[in-house]
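Listing of my_file.pdb; format and content: PDB, C-alpha atoms, pLDDT in the B column.
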```pdb
ATOM      1  CA  MET A   1      -9.852   6.531  -1.815  1.00 79.00           C
ATOM      2  CA  ILE A   2      -7.135   4.945  -3.946  1.00 86.00           C
ATOM      3  CA  LEU A   3      -3.760   6.608  -3.527  1.00 92.00           C
ATOM      4  CA  LYS A   4      -1.588   6.953  -6.623  1.00 94.00           C
ATOM      5  CA  LEU A   5       2.135   6.351  -6.279  1.00 95.00           C
ATOM      6  CA  LEU A   6       5.229   7.745  -7.916  1.00 94.00           C
ATOM      7  CA  PRO A   7       7.714   5.079  -9.123  1.00 94.00           C
ATOM      8  CA  GLU A   8       9.987   5.376  -6.052  1.00 94.00           C
ATOM      9  CA  GLN A   9       6.977   5.243  -3.718  1.00 95.00           C
ATOM     10  CA  GLU A  10       5.746   2.146  -5.529  1.00 94.00           C
ATOM     11  CA  ARG A  11       9.093   0.392  -4.964  1.00 94.00           C
ATOM     12  CA  GLN A  12       8.987   1.276  -1.275  1.00 95.00           C
ATOM     13  CA  VAL A  13       5.380   0.119  -0.893  1.00 94.00           C
ATOM     14  CA  GLN A  14       6.167  -3.218  -2.553  1.00 93.00           C
ATOM     15  CA  THR A  15       8.901  -3.860   0.031  1.00 94.00           C
ATOM     16  CA  LEU A  16       6.401  -3.212   2.860  1.00 94.00           C
ATOM     17  CA  ILE A  17       3.745  -5.688   1.755  1.00 94.00           C
ATOM     18  CA  PRO A  18       5.183  -8.536   3.871  1.00 94.00           C
ATOM     19  CA  ALA A  19       4.805  -6.235   6.918  1.00 92.00           C
ATOM     20  CA  CYS A  20       1.032  -6.598   6.604  1.00 94.00           C
ATOM     21  CA  CYS A  21      -0.319  -9.056   9.173  1.00 95.00           C
ATOM     22  CA  ASN A  22      -2.783 -10.391   6.575  1.00 95.00           C
ATOM     23  CA  TRP A  23      -0.044 -11.279   4.043  1.00 94.00           C
ATOM     24  CA  VAL A  24       1.207 -14.859   3.843  1.00 94.00           C
ATOM     25  CA  ASP A  25       3.072 -16.229   0.821  1.00 92.00           C
ATOM     26  CA  GLY A  26       1.524 -13.683  -1.549  1.00 91.00           C
ATOM     27  CA  ARG A  27      -2.015 -14.222  -0.338  1.00 94.00           C
ATOM     28  CA  CYS A  28      -4.322 -12.024   1.695  1.00 94.00           C
ATOM     29  CA  LEU A  29      -5.632 -14.033   4.651  1.00 94.00           C
ATOM     30  CA  LYS A  30      -8.438 -11.561   5.206  1.00 92.00           C
ATOM     31  CA  LEU A  31      -9.758 -11.830   1.641  1.00 92.00           C
ATOM     32  CA  ASP A  32      -8.678 -15.434   0.947  1.00 94.00           C
ATOM     33  CA  MET A  33      -7.185 -14.446  -2.396  1.00 94.00           C
ATOM     34  CA  PRO A  34      -3.929 -13.104  -3.865  1.00 94.00           C
ATOM     35  CA  CYS A  35      -2.868  -9.906  -2.120  1.00 93.00           C
ATOM     36  CA  PRO A  36      -4.557  -7.022  -3.970  1.00 89.00           C
ATOM     37  CA  GLN A  37      -1.790  -4.632  -2.943  1.00 90.00           C
ATOM     38  CA  GLN A  38       0.872  -6.906  -4.380  1.00 89.00           C
ATOM     39  CA  LEU A  39      -1.030  -7.005  -7.674  1.00 87.00           C
ATOM     40  CA  SER A  40      -1.531  -3.249  -7.771  1.00 85.00           C
ATOM     41  CA  VAL A  41       0.633  -1.094 -10.002  1.00 80.00           C
ATOM     42  CA  SER A  42       1.243   2.535  -8.995  1.00 89.00           C
ATOM     43  CA  ARG A  43      -1.560   2.603  -6.384  1.00 93.00           C
ATOM     44  CA  VAL A  44      -2.410   1.838  -2.807  1.00 92.00           C
ATOM     45  CA  ASN A  45      -5.821   0.248  -3.158  1.00 87.00           C
ATOM     46  CA  CYS A  46      -5.912  -2.015  -0.090  1.00 90.00           C
ATOM     47  CA  THR A  47      -7.847  -0.308   2.697  1.00 90.00           C
ATOM     48  CA  TYR A  48      -6.149  -2.336   5.433  1.00 92.00           C
ATOM     49  CA  PHE A  49      -2.654  -1.669   4.046  1.00 93.00           C
ATOM     50  CA  ARG A  50      -3.422   2.046   3.735  1.00 92.00           C
ATOM     51  CA  GLY A  51      -4.824   2.299   7.263  1.00 93.00           C
ATOM     52  CA  ALA A  52      -2.620  -0.117   9.214  1.00 94.00           C
ATOM     53  CA  VAL A  53       0.718  -0.589   7.432  1.00 94.00           C
ATOM     54  CA  LEU A  54       1.546   2.747   5.770  1.00 95.00           C
ATOM     55  CA  PRO A  55       1.053   4.902   8.894  1.00 95.00           C
ATOM     56  CA  GLY A  56       3.871   2.879  10.488  1.00 96.00           C
ATOM     57  CA  TYR A  57       6.217   4.472   7.937  1.00 97.00           C
ATOM     58  CA  PRO A  58       5.433   8.170   8.481  1.00 97.00           C
ATOM     59  CA  GLU A  59       7.875   9.666   5.962  1.00 97.00           C
ATOM     60  CA  LEU A  60       6.626   7.505   3.105  1.00 97.00           C
ATOM     61  CA  TYR A  61       3.011   7.917   4.180  1.00 96.00           C
ATOM     62  CA  GLU A  62       3.373  11.699   4.297  1.00 96.00           C
ATOM     63  CA  THR A  63       4.901  11.886   0.817  1.00 96.00           C
ATOM     64  CA  ILE A  64       2.125   9.706  -0.605  1.00 95.00           C
ATOM     65  CA  ILE A  65      -0.573  11.842   1.055  1.00 93.00           C
ATOM     66  CA  LYS A  66       1.068  15.066  -0.194  1.00 93.00           C
ATOM     67  CA  ASN A  67       1.320  13.556  -3.682  1.00 92.00           C
ATOM     68  CA  ASN A  68      -2.422  12.859  -3.658  1.00 93.00           C
ATOM     69  CA  ALA A  69      -3.594  16.049  -1.950  1.00 90.00           C
ATOM     70  CA  GLY A  70      -4.586  17.692  -5.210  1.00 74.00           C
ATOM     71  CA  GLY A  71      -7.449  15.242  -5.715  1.00 52.00           C
ATOM     72  CA  ASN A  72      -5.490  12.972  -8.059  1.00 48.00           C
TER      73      ASN A  72
END
```

If you convert what's in this file into structure tokens, what do you get?
Amino acid sequence: MILKLLPEQERQVQTLIPACCNWVDGRCLKLDMPCPQQLSVSRVNCTYFRGAVLPGYPELYETIIKNNAGGN
């Protein structure tokens, strides 16, 4: 599932990318490539970020889940 973001959510998500343990200097260590979440616009498409980073920020995570609850 790819979660769509509102503009404010997108700004908040972009600030959290360095909190990911796989992120180093704009690259994803796990995938050995540029961070797919950093390249994403208006979405959370990284499975690891969605499952390991976002839940650490419950208010943001909850608003993103609510925003996507309608099957968007």

Tell me which residues the PyMOL selection byres ((chain A and resi 40-49) around 7) grabs here, as a PDB file with C-alpha atoms, keeping the file's coordinate frame.
```
ATOM      1  CA  ILE A   2      -7.135   4.945  -3.946  1.00 86.00           C
ATOM      2  CA  LEU A   3      -3.760   6.608  -3.527  1.00 92.00           C
ATOM      3  CA  LYS A   4      -1.588   6.953  -6.623  1.00 94.00           C
ATOM      4  CA  LEU A   5       2.135   6.351  -6.279  1.00 95.00           C
ATOM      5  CA  LEU A   6       5.229   7.745  -7.916  1.00 94.00           C
ATOM      6  CA  PRO A   7       7.714   5.079  -9.123  1.00 94.00           C
ATOM      7  CA  GLU A  10       5.746   2.146  -5.529  1.00 94.00           C
ATOM      8  CA  CYS A  20       1.032  -6.598   6.604  1.00 94.00           C
ATOM      9  CA  PRO A  36      -4.557  -7.022  -3.970  1.00 89.00           C
ATOM     10  CA  GLN A  37      -1.790  -4.632  -2.943  1.00 90.00           C
ATOM     11  CA  GLN A  38       0.872  -6.906  -4.380  1.00 89.00           C
ATOM     12  CA  LEU A  39      -1.030  -7.005  -7.674  1.00 87.00           C
ATOM     13  CA  ARG A  50      -3.422   2.046   3.735  1.00 92.00           C
ATOM     14  CA  GLY A  51      -4.824   2.299   7.263  1.00 93.00           C
ATOM     15  CA  ALA A  52      -2.620  -0.117   9.214  1.00 94.00           C
ATOM     16  CA  VAL A  53       0.718  -0.589   7.432  1.00 94.00           C
ATOM     17  CA  LEU A  54       1.546   2.747   5.770  1.00 95.00           C
TER      18      LEU A  54
END
```

Take every atom of stretch 32-42 of chain A listed in the file, pad by 5 Å on each side, and give me the axis-aligned box centre and edge lengths in Å, one decimal, as JSON.
```
{"center_x": -3.7, "center_y": -6.4, "center_z": -4.5, "size_x": 19.9, "size_y": 28.0, "size_z": 20.9}
```

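For the atom pair formed by atom CA of A:Gln14 and atom CA of A:Ala69, the distance is 21.6 Å, given to one decimal.
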
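The environment of A:Lys30 within 10 Å, counting all atoms listed in the file and disregarding residues fewer than 5 places along the same chain, consists of A:Cys21, A:Asn22, A:Trp23, A:Cys35, A:Tyr48.
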
Quiz item: Distance atom CA of A:Glu59-atom CA of A:Pro34, one decimal place?
Solution: 27.5 Å

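Computed from the coordinates, the atom CA of A:Ile65 to atom CA of A:Glu8 distance equals 14.3 Å.
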
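Take the candidates A:Arg11, A:Met1, A:Leu16, A:Val24 and check each one against A:Tyr57 using only C-alpha atoms; the shortest distance goes to A:Leu16.
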
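Nearest-residue note for A:Gln9: choosing from A:Asp32, A:Leu60, A:Pro55, A:Arg27, the minimum distance belongs to A:Leu60, counting all atoms listed in the file.
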